[in-house]
Structures are given as structure tokens and as C-alpha cells.
Amino acid sequence: MARREFFWLVACAASVGALAQTAVINFEGETAGVKTNRYTAIGHPDVRFTDTEGAGLTIGRFSGRGIGNRTLAVWDDLDGSKLQMEFGRPMTALSLSYGNDDVSYASTSDRAWLEIWNGDMLLHRSSLAMNLNRAADQTIAYTAPGGVSFTRAYFWYGDSAGSPFTRSAFGFTGMIEMVDNISYTVIPEPQSALAVGAVLGLAAWGFRRWRNLA
């Protein structure tokens, strides 16, 4: 391999390692049971989970509705709660898989909703139609445009207008959200960006030196 190619491979590898800080929370290493609000999963201190109505966060194995042996559920059907995710560092992307969208409890017009906030500013709101098969086989996601980051997100099941739905036949004001495989991308710490700059500078210096010796 030519020295020039070697130097630029080193630079690119360092850039990717420092800037692409994407992680996935799958809850598989968590203990089953009720979790307090502002709960953080093992190894993911930058993401805090809260039940916006009450304290119904529960980790468990929900066969046919979750993924694997552990899934996060936001109990219950009666309080219209949402899952709040607070981020300790600015984020640029978020996605999650969801389930428990049971046709016995939801209507065809009900949807899964995702809101993205930066501080007190709403940046994004989107929804997807639920396929109503209970399984956690759908994903909702958001990627911020260049230069934009966010610090908070909400996920919930609601009606077509975004309000926690009411199914009069059962008297429920919501439905238990179940989420898993939460992927998030963090803006690198300033020192990481400086490290990338230093490596790129070293690569450029090496390339110049190689040209002078050639």
C-alpha cells in the first residue's frame, strides 16, 4: 500500500471513530420489574426515561409484543401517558421499535407519535399508522438536518390528532407503549473533535513529508 493511502486511511478511521457515536439500547441486560422515573439503562447514562403520567415504566418479557427477553413498557391504559426521553448530551438521530399495538384496544385511525425537542423548542413531530398486530415490528425515527441537535423526545400512542386516544367501547384513554432497540447518535465531545483535527493534521503532515521524499 502506498504511504499516501496509508495516511488517509488512518485519518478516515480516526474520524469515523470519534464522530460516529451511535449506540443501541435493547434492555437485554436489565433486571425485570418496575423502574423509577428518570431511569437509565446499563451502559447508557446519556438517556433517561420517564413516564409522563405516573410511574409505570416496566421492564419485562412481553412475548408476542416485545423483542427478546427484555422490553420497556409504559403502563397503563388509563392515564394517557407518554414515554419521555431526556438526553444528557445533544443528539442528532433517534429511532425505536414499538409494539403492543393491539387491534382489540386501538382503532385503525390511531397512530404512533414521536416528538423531538431542543430545550423548550419543538423541532419535529411525526406519526406512523400502527399495523395493529401487537408485534414490535415497526420503527419510527428522526435524523436532524445538518447543524441541528436535540435534547428531549416523546413517544406515545394517540389518535389521528396526536392526543392519547379514547376507545369508548372499552373506556381506555391510552394504550401501553412498548419500545425496544432504541438507537441514538450523540454529538461528540469537544475533545473528540479536537482529536480528529489533530489526526487529520498529522495525516496531512505525513503526506507532505512523503511527497518531499518521493
# chains A, B, ... in the order shown; residues from 1 in each chain; ligands from 1
call {"tool": "residues_around", "arguments": {"residues": "Thr50 in chain A", "least_positions_apart": "5", "cutoff": "8 Å", "atoms": "only C-alpha atoms", "output": "PDB file with all heavy atoms, in the first residue's frame"}}
result
ATOM      1  N   THR A  36     -38.028   3.393  38.315  1.00  0.00           N
ATOM      2  CA  THR A  36     -38.381   4.754  38.704  1.00  0.00           C
ATOM      3  C   THR A  36     -38.217   5.698  37.523  1.00  0.00           C
ATOM      4  O   THR A  36     -37.454   5.421  36.584  1.00  0.00           O
ATOM      5  CB  THR A  36     -37.485   5.234  39.858  1.00  0.00           C
ATOM      6  OG1 THR A  36     -36.115   5.192  39.441  1.00  0.00           O
ATOM      7  CG2 THR A  36     -37.680   4.370  41.093  1.00  0.00           C
ATOM      8  N   ASN A  37     -38.931   6.814  37.568  1.00  0.00           N
ATOM      9  CA  ASN A  37     -38.769   7.820  36.531  1.00  0.00           C
ATOM     10  C   ASN A  37     -37.342   8.347  36.515  1.00  0.00           C
ATOM     11  O   ASN A  37     -36.668   8.397  37.539  1.00  0.00           O
ATOM     12  CB  ASN A  37     -39.758   8.956  36.740  1.00  0.00           C
ATOM     13  CG  ASN A  37     -41.157   8.578  36.285  1.00  0.00           C
ATOM     14  OD1 ASN A  37     -41.339   7.724  35.405  1.00  0.00           O
ATOM     15  ND2 ASN A  37     -42.170   9.195  36.879  1.00  0.00           N
ATOM     16  N   ARG A  38     -36.894   8.721  35.318  1.00  0.00           N
ATOM     17  CA  ARG A  38     -35.502   9.110  35.030  1.00  0.00           C
ATOM     18  C   ARG A  38     -34.574   7.900  35.085  1.00  0.00           C
ATOM     19  O   ARG A  38     -33.373   8.030  35.326  1.00  0.00           O
ATOM     20  CB  ARG A  38     -35.024  10.238  35.950  1.00  0.00           C
ATOM     21  CG  ARG A  38     -35.810  11.532  35.755  1.00  0.00           C
ATOM     22  CD  ARG A  38     -35.335  12.633  36.701  1.00  0.00           C
ATOM     23  NE  ARG A  38     -33.956  13.016  36.438  1.00  0.00           N
ATOM     24  CZ  ARG A  38     -33.560  13.859  35.477  1.00  0.00           C
ATOM     25  NH1 ARG A  38     -34.465  14.381  34.643  1.00  0.00           N
ATOM     26  NH2 ARG A  38     -32.296  14.173  35.332  1.00  0.00           N
ATOM     27  N   TYR A  39     -35.150   6.756  34.807  1.00  0.00           N
ATOM     28  CA  TYR A  39     -34.393   5.509  34.751  1.00  0.00           C
ATOM     29  C   TYR A  39     -33.411   5.536  33.585  1.00  0.00           C
ATOM     30  O   TYR A  39     -33.715   6.033  32.489  1.00  0.00           O
ATOM     31  CB  TYR A  39     -35.386   4.352  34.607  1.00  0.00           C
ATOM     32  CG  TYR A  39     -34.891   3.142  33.857  1.00  0.00           C
ATOM     33  CD1 TYR A  39     -33.980   2.264  34.442  1.00  0.00           C
ATOM     34  CD2 TYR A  39     -35.348   2.863  32.564  1.00  0.00           C
ATOM     35  CE1 TYR A  39     -33.543   1.139  33.752  1.00  0.00           C
ATOM     36  CE2 TYR A  39     -34.925   1.752  31.881  1.00  0.00           C
ATOM     37  CZ  TYR A  39     -34.012   0.896  32.463  1.00  0.00           C
ATOM     38  OH  TYR A  39     -33.585  -0.208  31.784  1.00  0.00           O
ATOM     39  N   ALA A  55     -45.944   6.620  37.261  1.00  0.00           N
ATOM     40  CA  ALA A  55     -44.639   5.966  37.314  1.00  0.00           C
ATOM     41  C   ALA A  55     -44.798   4.515  36.884  1.00  0.00           C
ATOM     42  O   ALA A  55     -44.661   3.600  37.681  1.00  0.00           O
ATOM     43  CB  ALA A  55     -44.049   6.059  38.714  1.00  0.00           C
ATOM     44  N   LEU A  57     -43.137   2.822  34.289  1.00  0.00           N
ATOM     45  CA  LEU A  57     -42.093   2.196  33.490  1.00  0.00           C
ATOM     46  C   LEU A  57     -41.832   0.777  33.997  1.00  0.00           C
ATOM     47  O   LEU A  57     -41.597   0.571  35.184  1.00  0.00           O
ATOM     48  CB  LEU A  57     -40.796   3.000  33.554  1.00  0.00           C
ATOM     49  CG  LEU A  57     -40.825   4.421  32.989  1.00  0.00           C
ATOM     50  CD1 LEU A  57     -39.457   5.054  33.124  1.00  0.00           C
ATOM     51  CD2 LEU A  57     -41.278   4.421  31.532  1.00  0.00           C
ATOM     52  N   LEU A  83     -43.925   8.242  26.771  1.00  0.00           N
ATOM     53  CA  LEU A  83     -42.547   7.940  27.165  1.00  0.00           C
ATOM     54  C   LEU A  83     -41.697   9.170  26.866  1.00  0.00           C
ATOM     55  O   LEU A  83     -41.600   9.593  25.712  1.00  0.00           O
ATOM     56  CB  LEU A  83     -42.015   6.737  26.397  1.00  0.00           C
ATOM     57  CG  LEU A  83     -40.535   6.412  26.644  1.00  0.00           C
ATOM     58  CD1 LEU A  83     -40.295   6.014  28.101  1.00  0.00           C
ATOM     59  CD2 LEU A  83     -40.050   5.314  25.700  1.00  0.00           C
ATOM     60  N   GLN A  84     -41.113   9.739  27.900  1.00  0.00           N
ATOM     61  CA  GLN A  84     -40.209  10.877  27.728  1.00  0.00           C
ATOM     62  C   GLN A  84     -38.770  10.384  27.779  1.00  0.00           C
ATOM     63  O   GLN A  84     -38.400   9.604  28.657  1.00  0.00           O
ATOM     64  CB  GLN A  84     -40.427  11.912  28.828  1.00  0.00           C
ATOM     65  CG  GLN A  84     -39.442  13.079  28.789  1.00  0.00           C
ATOM     66  CD  GLN A  84     -39.720  14.081  29.886  1.00  0.00           C
ATOM     67  OE1 GLN A  84     -40.756  14.732  29.888  1.00  0.00           O
ATOM     68  NE2 GLN A  84     -38.793  14.196  30.822  1.00  0.00           N
ATOM     69  N   MET A  85     -37.961  10.840  26.832  1.00  0.00           N
ATOM     70  CA  MET A  85     -36.543  10.523  26.794  1.00  0.00           C
ATOM     71  C   MET A  85     -35.750  11.819  26.876  1.00  0.00           C
ATOM     72  O   MET A  85     -35.863  12.666  25.986  1.00  0.00           O
ATOM     73  CB  MET A  85     -36.204   9.757  25.512  1.00  0.00           C
ATOM     74  CG  MET A  85     -36.803   8.362  25.443  1.00  0.00           C
ATOM     75  SD  MET A  85     -36.785   7.626  23.788  1.00  0.00           S
ATOM     76  CE  MET A  85     -38.281   8.367  23.093  1.00  0.00           C
TER      77      MET A  85
END
call {"tool": "residues_around", "arguments": {"residues": "Tyr98 in chain A", "least_positions_apart": "4", "cutoff": "10 Å", "atoms": "only C-alpha atoms", "output": "PDB file with N, CA, C and O atoms, in the first residue's frame"}}
result
ATOM      1  N   ARG A  65     -45.234  -9.255  21.968  1.00  0.00           N
ATOM      2  CA  ARG A  65     -45.411  -7.797  21.928  1.00  0.00           C
ATOM      3  C   ARG A  65     -44.099  -7.048  22.048  1.00  0.00           C
ATOM      4  O   ARG A  65     -44.019  -5.883  21.660  1.00  0.00           O
ATOM      5  N   GLY A  66     -43.076  -7.704  22.626  1.00  0.00           N
ATOM      6  CA  GLY A  66     -41.775  -7.085  22.754  1.00  0.00           C
ATOM      7  C   GLY A  66     -40.752  -7.794  21.886  1.00  0.00           C
ATOM      8  O   GLY A  66     -41.095  -8.584  21.002  1.00  0.00           O
ATOM      9  N   ILE A  67     -39.470  -7.499  22.158  1.00  0.00           N
ATOM     10  CA  ILE A  67     -38.374  -8.103  21.408  1.00  0.00           C
ATOM     11  C   ILE A  67     -37.435  -8.775  22.403  1.00  0.00           C
ATOM     12  O   ILE A  67     -36.987  -8.150  23.363  1.00  0.00           O
ATOM     13  N   THR A  71     -38.033  -5.811  27.254  1.00  0.00           N
ATOM     14  CA  THR A  71     -38.593  -4.685  26.518  1.00  0.00           C
ATOM     15  C   THR A  71     -39.067  -3.668  27.550  1.00  0.00           C
ATOM     16  O   THR A  71     -39.460  -4.035  28.656  1.00  0.00           O
ATOM     17  N   LEU A  72     -39.038  -2.390  27.200  1.00  0.00           N
ATOM     18  CA  LEU A  72     -39.530  -1.338  28.094  1.00  0.00           C
ATOM     19  C   LEU A  72     -40.993  -1.028  27.770  1.00  0.00           C
ATOM     20  O   LEU A  72     -41.340  -0.742  26.628  1.00  0.00           O
ATOM     21  N   ALA A  73     -41.853  -1.102  28.797  1.00  0.00           N
ATOM     22  CA  ALA A  73     -43.275  -0.792  28.652  1.00  0.00           C
ATOM     23  C   ALA A  73     -43.626   0.427  29.491  1.00  0.00           C
ATOM     24  O   ALA A  73     -43.045   0.660  30.555  1.00  0.00           O
ATOM     25  N   ALA A 112     -48.809   5.904  16.059  1.00  0.00           N
ATOM     26  CA  ALA A 112     -47.646   6.044  16.938  1.00  0.00           C
ATOM     27  C   ALA A 112     -47.010   7.403  16.653  1.00  0.00           C
ATOM     28  O   ALA A 112     -46.773   7.749  15.493  1.00  0.00           O
ATOM     29  N   MET A 130     -50.305   2.521  12.977  1.00  0.00           N
ATOM     30  CA  MET A 130     -49.974   1.248  13.606  1.00  0.00           C
ATOM     31  C   MET A 130     -50.566   0.095  12.796  1.00  0.00           C
ATOM     32  O   MET A 130     -51.705   0.209  12.308  1.00  0.00           O
ATOM     33  N   ARG A 134     -49.849  -6.209  17.242  1.00  0.00           N
ATOM     34  CA  ARG A 134     -49.254  -6.376  18.563  1.00  0.00           C
ATOM     35  C   ARG A 134     -47.733  -6.456  18.531  1.00  0.00           C
ATOM     36  O   ARG A 134     -47.069  -5.991  19.443  1.00  0.00           O
ATOM     37  N   ALA A 135     -47.135  -7.069  17.503  1.00  0.00           N
ATOM     38  CA  ALA A 135     -45.696  -7.330  17.489  1.00  0.00           C
ATOM     39  C   ALA A 135     -44.894  -6.032  17.372  1.00  0.00           C
ATOM     40  O   ALA A 135     -45.331  -5.060  16.745  1.00  0.00           O
ATOM     41  N   ALA A 136     -43.700  -6.038  17.964  1.00  0.00           N
ATOM     42  CA  ALA A 136     -42.797  -4.877  17.887  1.00  0.00           C
ATOM     43  C   ALA A 136     -42.013  -4.943  16.584  1.00  0.00           C
ATOM     44  O   ALA A 136     -40.798  -5.141  16.564  1.00  0.00           O
ATOM     45  N   ASP A 137     -42.716  -4.757  15.479  1.00  0.00           N
ATOM     46  CA  ASP A 137     -42.109  -4.912  14.160  1.00  0.00           C
ATOM     47  C   ASP A 137     -42.169  -3.638  13.329  1.00  0.00           C
ATOM     48  O   ASP A 137     -42.000  -3.673  12.114  1.00  0.00           O
ATOM     49  N   GLN A 138     -42.429  -2.498  13.993  1.00  0.00           N
ATOM     50  CA  GLN A 138     -42.408  -1.219  13.300  1.00  0.00           C
ATOM     51  C   GLN A 138     -41.390  -0.302  13.965  1.00  0.00           C
ATOM     52  O   GLN A 138     -41.112  -0.417  15.162  1.00  0.00           O
ATOM     53  N   THR A 139     -40.847   0.625  13.175  1.00  0.00           N
ATOM     54  CA  THR A 139     -39.823   1.543  13.670  1.00  0.00           C
ATOM     55  C   THR A 139     -40.175   2.969  13.275  1.00  0.00           C
ATOM     56  O   THR A 139     -40.592   3.230  12.140  1.00  0.00           O
ATOM     57  N   ILE A 140     -40.007   3.882  14.221  1.00  0.00           N
ATOM     58  CA  ILE A 140     -40.182   5.303  13.949  1.00  0.00           C
ATOM     59  C   ILE A 140     -38.854   5.982  14.241  1.00  0.00           C
ATOM     60  O   ILE A 140     -38.144   5.604  15.185  1.00  0.00           O
ATOM     61  N   PHE A 155     -42.492   9.704  22.951  1.00  0.00           N
ATOM     62  CA  PHE A 155     -43.126   8.691  22.110  1.00  0.00           C
ATOM     63  C   PHE A 155     -44.407   8.234  22.785  1.00  0.00           C
ATOM     64  O   PHE A 155     -44.440   8.015  24.000  1.00  0.00           O
ATOM     65  N   TRP A 156     -45.479   8.079  21.986  1.00  0.00           N
ATOM     66  CA  TRP A 156     -46.747   7.627  22.560  1.00  0.00           C
ATOM     67  C   TRP A 156     -47.681   7.134  21.460  1.00  0.00           C
ATOM     68  O   TRP A 156     -47.463   7.357  20.277  1.00  0.00           O
ATOM     69  N   TYR A 157     -48.745   6.456  21.891  1.00  0.00           N
ATOM     70  CA  TYR A 157     -49.826   6.053  21.007  1.00  0.00           C
ATOM     71  C   TYR A 157     -50.968   7.039  21.184  1.00  0.00           C
ATOM     72  O   TYR A 157     -51.411   7.301  22.318  1.00  0.00           O
ATOM     73  N   GLU A 177     -47.518   1.615  25.728  1.00  0.00           N
ATOM     74  CA  GLU A 177     -46.450   1.642  24.737  1.00  0.00           C
ATOM     75  C   GLU A 177     -45.343   0.665  25.133  1.00  0.00           C
ATOM     76  O   GLU A 177     -44.960   0.603  26.301  1.00  0.00           O
ATOM     77  N   MET A 178     -44.846  -0.105  24.167  1.00  0.00           N
ATOM     78  CA  MET A 178     -43.697  -0.977  24.398  1.00  0.00           C
ATOM     79  C   MET A 178     -42.647  -0.649  23.357  1.00  0.00           C
ATOM     80  O   MET A 178     -42.943  -0.637  22.149  1.00  0.00           O
ATOM     81  N   VAL A 179     -41.429  -0.358  23.823  1.00  0.00           N
ATOM     82  CA  VAL A 179     -40.365   0.074  22.915  1.00  0.00           C
ATOM     83  C   VAL A 179     -39.112  -0.760  23.148  1.00  0.00           C
ATOM     84  O   VAL A 179     -38.873  -1.285  24.238  1.00  0.00           O
ATOM     85  N   ASP A 180     -38.307  -0.851  22.104  1.00  0.00           N
ATOM     86  CA  ASP A 180     -37.074  -1.631  22.181  1.00  0.00           C
ATOM     87  C   ASP A 180     -36.136  -1.169  21.067  1.00  0.00           C
ATOM     88  O   ASP A 180     -36.531  -0.388  20.179  1.00  0.00           O
ATOM     89  N   ASN A 181     -34.899  -1.665  21.127  1.00  0.00           N
ATOM     90  CA  ASN A 181     -33.880  -1.349  20.118  1.00  0.00           C
ATOM     91  C   ASN A 181     -33.831   0.150  19.817  1.00  0.00           C
ATOM     92  O   ASN A 181     -33.962   0.579  18.671  1.00  0.00           O
ATOM     93  N   ILE A 182     -33.644   0.926  20.865  1.00  0.00           N
ATOM     94  CA  ILE A 182     -33.581   2.379  20.732  1.00  0.00           C
ATOM     95  C   ILE A 182     -32.171   2.769  20.292  1.00  0.00           C
ATOM     96  O   ILE A 182     -31.196   2.569  21.017  1.00  0.00           O
TER      97      ILE A 182
END
call {"tool": "closest_atom_pairs", "arguments": {"of": "range 45-146 of chain A", "to": "range 160-172 of chain A", "cutoff": "10 Å", "atoms": "only C-alpha atoms", "output": "tab-separated table"}}
result
residue	atom	partner	partner_atom	distance
A:Asp76	CA	A:Phe172	CA	9.5
A:Asp77	CA	A:Phe172	CA	5.8
A:Leu78	CA	A:Phe172	CA	5.4
A:Asp79	CA	A:Phe172	CA	8.3
A:Gly80	CA	A:Pro164	CA	5.2
A:Ser81	CA	A:Pro164	CA	7.6
A:Lys82	CA	A:Pro164	CA	8.5
A:Ser104	CA	A:Phe170	CA	9.3
A:Tyr105	CA	A:Arg167	CA	7.1
A:Ala106	CA	A:Arg167	CA	6.9
A:Ser107	CA	A:Arg167	CA	7.5
A:Thr108	CA	A:Ser160	CA	9.5
A:Ser109	CA	A:Ser160	CA	5.9
A:Asp110	CA	A:Ser160	CA	5.6
A:Arg111	CA	A:Ser160	CA	6.3
A:Ala112	CA	A:Gly162	CA	8.5
A:Trp113	CA	A:Gly162	CA	6.8
A:Leu114	CA	A:Gly162	CA	9.4
A:Arg125	CA	A:Gly162	CA	9.5
A:Ser126	CA	A:Gly162	CA	9.3
A:Ser127	CA	A:Gly162	CA	8.2
A:Leu128	CA	A:Ser160	CA	9.7
A:Ala129	CA	A:Ser160	CA	8.9
call {"tool": "write_last_selection", "arguments": {"atoms": "N, CA, C and O atoms", "output": "PDB file, in the first residue's frame"}}
result
ATOM      1  N   ASP A  76     -50.120   2.761  32.118  1.00  0.00           N
ATOM      2  CA  ASP A  76     -51.028   1.687  31.755  1.00  0.00           C
ATOM      3  C   ASP A  76     -51.978   2.197  30.688  1.00  0.00           C
ATOM      4  O   ASP A  76     -51.675   3.174  29.996  1.00  0.00           O
ATOM      5  N   ASP A  77     -53.179   1.596  30.577  1.00  0.00           N
ATOM      6  CA  ASP A  77     -54.151   2.002  29.560  1.00  0.00           C
ATOM      7  C   ASP A  77     -55.003   3.197  29.984  1.00  0.00           C
ATOM      8  O   ASP A  77     -55.762   3.716  29.174  1.00  0.00           O
ATOM      9  N   LEU A  78     -54.901   3.609  31.231  1.00  0.00           N
ATOM     10  CA  LEU A  78     -55.895   4.531  31.775  1.00  0.00           C
ATOM     11  C   LEU A  78     -55.412   5.952  32.007  1.00  0.00           C
ATOM     12  O   LEU A  78     -56.200   6.810  32.394  1.00  0.00           O
ATOM     13  N   ASP A  79     -54.119   6.224  31.783  1.00  0.00           N
ATOM     14  CA  ASP A  79     -53.639   7.564  32.149  1.00  0.00           C
ATOM     15  C   ASP A  79     -53.145   8.404  30.981  1.00  0.00           C
ATOM     16  O   ASP A  79     -52.696   9.535  31.166  1.00  0.00           O
ATOM     17  N   GLY A  80     -53.194   7.887  29.761  1.00  0.00           N
ATOM     18  CA  GLY A  80     -52.768   8.693  28.612  1.00  0.00           C
ATOM     19  C   GLY A  80     -51.317   9.112  28.672  1.00  0.00           C
ATOM     20  O   GLY A  80     -50.946  10.196  28.226  1.00  0.00           O
ATOM     21  N   SER A  81     -50.454   8.264  29.199  1.00  0.00           N
ATOM     22  CA  SER A  81     -49.051   8.626  29.400  1.00  0.00           C
ATOM     23  C   SER A  81     -48.257   8.567  28.102  1.00  0.00           C
ATOM     24  O   SER A  81     -48.651   7.941  27.120  1.00  0.00           O
ATOM     25  N   LYS A  82     -47.099   9.230  28.141  1.00  0.00           N
ATOM     26  CA  LYS A  82     -46.128   9.196  27.058  1.00  0.00           C
ATOM     27  C   LYS A  82     -44.785   8.756  27.630  1.00  0.00           C
ATOM     28  O   LYS A  82     -44.529   8.900  28.831  1.00  0.00           O
ATOM     29  N   SER A 104     -57.523  -4.969  19.435  1.00  0.00           N
ATOM     30  CA  SER A 104     -58.618  -5.023  20.395  1.00  0.00           C
ATOM     31  C   SER A 104     -58.715  -3.751  21.225  1.00  0.00           C
ATOM     32  O   SER A 104     -59.733  -3.505  21.865  1.00  0.00           O
ATOM     33  N   TYR A 105     -57.645  -2.952  21.216  1.00  0.00           N
ATOM     34  CA  TYR A 105     -57.616  -1.762  22.059  1.00  0.00           C
ATOM     35  C   TYR A 105     -57.432  -0.472  21.276  1.00  0.00           C
ATOM     36  O   TYR A 105     -57.660   0.611  21.814  1.00  0.00           O
ATOM     37  N   ALA A 106     -57.001  -0.554  20.040  1.00  0.00           N
ATOM     38  CA  ALA A 106     -56.775   0.634  19.225  1.00  0.00           C
ATOM     39  C   ALA A 106     -57.640   0.597  17.974  1.00  0.00           C
ATOM     40  O   ALA A 106     -58.048  -0.475  17.519  1.00  0.00           O
ATOM     41  N   SER A 107     -57.906   1.757  17.435  1.00  0.00           N
ATOM     42  CA  SER A 107     -58.674   1.875  16.203  1.00  0.00           C
ATOM     43  C   SER A 107     -57.727   2.046  15.012  1.00  0.00           C
ATOM     44  O   SER A 107     -56.556   2.386  15.177  1.00  0.00           O
ATOM     45  N   THR A 108     -58.242   1.837  13.821  1.00  0.00           N
ATOM     46  CA  THR A 108     -57.405   1.936  12.624  1.00  0.00           C
ATOM     47  C   THR A 108     -56.886   3.352  12.395  1.00  0.00           C
ATOM     48  O   THR A 108     -55.899   3.543  11.691  1.00  0.00           O
ATOM     49  N   SER A 109     -57.525   4.340  12.993  1.00  0.00           N
ATOM     50  CA  SER A 109     -57.071   5.724  12.826  1.00  0.00           C
ATOM     51  C   SER A 109     -56.018   6.126  13.858  1.00  0.00           C
ATOM     52  O   SER A 109     -55.427   7.201  13.753  1.00  0.00           O
ATOM     53  N   ASP A 110     -55.779   5.282  14.865  1.00  0.00           N
ATOM     54  CA  ASP A 110     -54.780   5.601  15.887  1.00  0.00           C
ATOM     55  C   ASP A 110     -53.373   5.437  15.324  1.00  0.00           C
ATOM     56  O   ASP A 110     -53.142   4.641  14.414  1.00  0.00           O
ATOM     57  N   ARG A 111     -52.422   6.206  15.905  1.00  0.00           N
ATOM     58  CA  ARG A 111     -51.085   6.253  15.350  1.00  0.00           C
ATOM     59  C   ARG A 111     -50.028   6.247  16.452  1.00  0.00           C
ATOM     60  O   ARG A 111     -50.324   6.565  17.612  1.00  0.00           O
ATOM     61  N   ALA A 112     -48.809   5.904  16.059  1.00  0.00           N
ATOM     62  CA  ALA A 112     -47.646   6.044  16.938  1.00  0.00           C
ATOM     63  C   ALA A 112     -47.010   7.403  16.653  1.00  0.00           C
ATOM     64  O   ALA A 112     -46.773   7.749  15.493  1.00  0.00           O
ATOM     65  N   TRP A 113     -46.725   8.146  17.726  1.00  0.00           N
ATOM     66  CA  TRP A 113     -46.265   9.532  17.585  1.00  0.00           C
ATOM     67  C   TRP A 113     -44.866   9.707  18.160  1.00  0.00           C
ATOM     68  O   TRP A 113     -44.512   9.073  19.162  1.00  0.00           O
ATOM     69  N   LEU A 114     -44.093  10.602  17.532  1.00  0.00           N
ATOM     70  CA  LEU A 114     -42.756  10.947  18.009  1.00  0.00           C
ATOM     71  C   LEU A 114     -42.577  12.457  17.929  1.00  0.00           C
ATOM     72  O   LEU A 114     -42.830  13.063  16.882  1.00  0.00           O
ATOM     73  N   ARG A 125     -42.349  16.757  14.681  1.00  0.00           N
ATOM     74  CA  ARG A 125     -43.448  15.908  15.135  1.00  0.00           C
ATOM     75  C   ARG A 125     -43.895  15.048  13.976  1.00  0.00           C
ATOM     76  O   ARG A 125     -44.178  15.554  12.880  1.00  0.00           O
ATOM     77  N   SER A 126     -43.937  13.739  14.191  1.00  0.00           N
ATOM     78  CA  SER A 126     -44.333  12.841  13.118  1.00  0.00           C
ATOM     79  C   SER A 126     -45.114  11.673  13.699  1.00  0.00           C
ATOM     80  O   SER A 126     -45.117  11.446  14.912  1.00  0.00           O
ATOM     81  N   SER A 127     -45.780  10.923  12.830  1.00  0.00           N
ATOM     82  CA  SER A 127     -46.553   9.774  13.281  1.00  0.00           C
ATOM     83  C   SER A 127     -46.574   8.712  12.196  1.00  0.00           C
ATOM     84  O   SER A 127     -46.357   8.997  11.014  1.00  0.00           O
ATOM     85  N   LEU A 128     -46.827   7.480  12.634  1.00  0.00           N
ATOM     86  CA  LEU A 128     -46.974   6.357  11.717  1.00  0.00           C
ATOM     87  C   LEU A 128     -48.248   5.596  12.070  1.00  0.00           C
ATOM     88  O   LEU A 128     -48.591   5.454  13.247  1.00  0.00           O
ATOM     89  N   ALA A 129     -48.927   5.107  11.063  1.00  0.00           N
ATOM     90  CA  ALA A 129     -50.084   4.258  11.306  1.00  0.00           C
ATOM     91  C   ALA A 129     -49.617   2.949  11.936  1.00  0.00           C
ATOM     92  O   ALA A 129     -48.627   2.355  11.504  1.00  0.00           O
TER      93      ALA A 129
END
call {"tool": "atom_distance", "arguments": {"atom1": "CA of Asp101 in chain A", "atom2": "CA of Leu132 in chain A"}}
result
4.8 Å
call {"tool": "residues_around", "arguments": {"residues": "Gly119 in chain A", "least_positions_apart": "5", "cutoff": "8 Å", "atoms": "only C-alpha atoms", "output": "list in words"}}
result
Phe150, Thr151 and Arg152 of chain A
call {"tool": "write_last_selection", "arguments": {"atoms": "all heavy atoms", "output": "PDB file, in the first residue's frame"}}
result
ATOM      1  N   PHE A 150     -30.801  17.855  19.318  1.00  0.00           N
ATOM      2  CA  PHE A 150     -31.963  17.878  20.203  1.00  0.00           C
ATOM      3  C   PHE A 150     -31.607  17.268  21.542  1.00  0.00           C
ATOM      4  O   PHE A 150     -30.614  16.536  21.676  1.00  0.00           O
ATOM      5  CB  PHE A 150     -33.157  17.164  19.560  1.00  0.00           C
ATOM      6  CG  PHE A 150     -32.883  15.747  19.116  1.00  0.00           C
ATOM      7  CD1 PHE A 150     -33.100  14.676  19.969  1.00  0.00           C
ATOM      8  CD2 PHE A 150     -32.414  15.490  17.833  1.00  0.00           C
ATOM      9  CE1 PHE A 150     -32.868  13.367  19.554  1.00  0.00           C
ATOM     10  CE2 PHE A 150     -32.167  14.177  17.411  1.00  0.00           C
ATOM     11  CZ  PHE A 150     -32.399  13.126  18.270  1.00  0.00           C
ATOM     12  N   THR A 151     -32.429  17.574  22.551  1.00  0.00           N
ATOM     13  CA  THR A 151     -32.127  17.163  23.924  1.00  0.00           C
ATOM     14  C   THR A 151     -33.260  16.377  24.585  1.00  0.00           C
ATOM     15  O   THR A 151     -33.099  15.927  25.721  1.00  0.00           O
ATOM     16  CB  THR A 151     -31.826  18.388  24.801  1.00  0.00           C
ATOM     17  OG1 THR A 151     -32.962  19.278  24.767  1.00  0.00           O
ATOM     18  CG2 THR A 151     -30.597  19.138  24.307  1.00  0.00           C
ATOM     19  N   ARG A 152     -34.387  16.218  23.886  1.00  0.00           N
ATOM     20  CA  ARG A 152     -35.527  15.548  24.504  1.00  0.00           C
ATOM     21  C   ARG A 152     -36.429  14.979  23.419  1.00  0.00           C
ATOM     22  O   ARG A 152     -36.512  15.536  22.311  1.00  0.00           O
ATOM     23  CB  ARG A 152     -36.299  16.551  25.370  1.00  0.00           C
ATOM     24  CG  ARG A 152     -37.420  15.990  26.206  1.00  0.00           C
ATOM     25  CD  ARG A 152     -37.761  16.961  27.369  1.00  0.00           C
ATOM     26  NE  ARG A 152     -37.663  18.346  27.004  1.00  0.00           N
ATOM     27  CZ  ARG A 152     -38.696  19.144  26.702  1.00  0.00           C
ATOM     28  NH1 ARG A 152     -39.922  18.656  26.738  1.00  0.00           N
ATOM     29  NH2 ARG A 152     -38.510  20.418  26.403  1.00  0.00           N
TER      30      ARG A 152
END
call {"tool": "closest_residue", "arguments": {"among": "A:Phe49, A:Trp117, A:Phe27, A:Phe62", "to": "Ala93 in chain A", "atoms": "only C-alpha atoms"}}
result
A:Trp117
call {"tool": "residues_around", "arguments": {"residues": "Ala144 in chain A", "least_positions_apart": "3", "cutoff": "7 Å", "atoms": "only C-alpha atoms", "output": "ChimeraX atom specification"}}
result
/A:92-93,148-149
call {"tool": "atom_distance", "arguments": {"atom1": "CA of Glu115 in chain A", "atom2": "CA of Leu94 in chain A"}}
result
10.7 Å
call {"tool": "atom_distance", "arguments": {"atom1": "CA of Gly33 in chain A", "atom2": "CA of Gly68 in chain A"}}
result
15.6 Å
call {"tool": "select_by_dssp", "arguments": {"residues": "range 86-169 of chain A", "states": "strand (DSSP E)", "output": "PyMOL selection string"}}
result
chain A and resi 86-99+111-118+121-129+138-143+150-158
call {"tool": "residues_around", "arguments": {"residues": "Val47 in chain A", "least_positions_apart": "4", "cutoff": "7 Å", "atoms": "only C-alpha atoms", "output": "VMD selection string"}}
result
chain A and resid 40 85 to 88
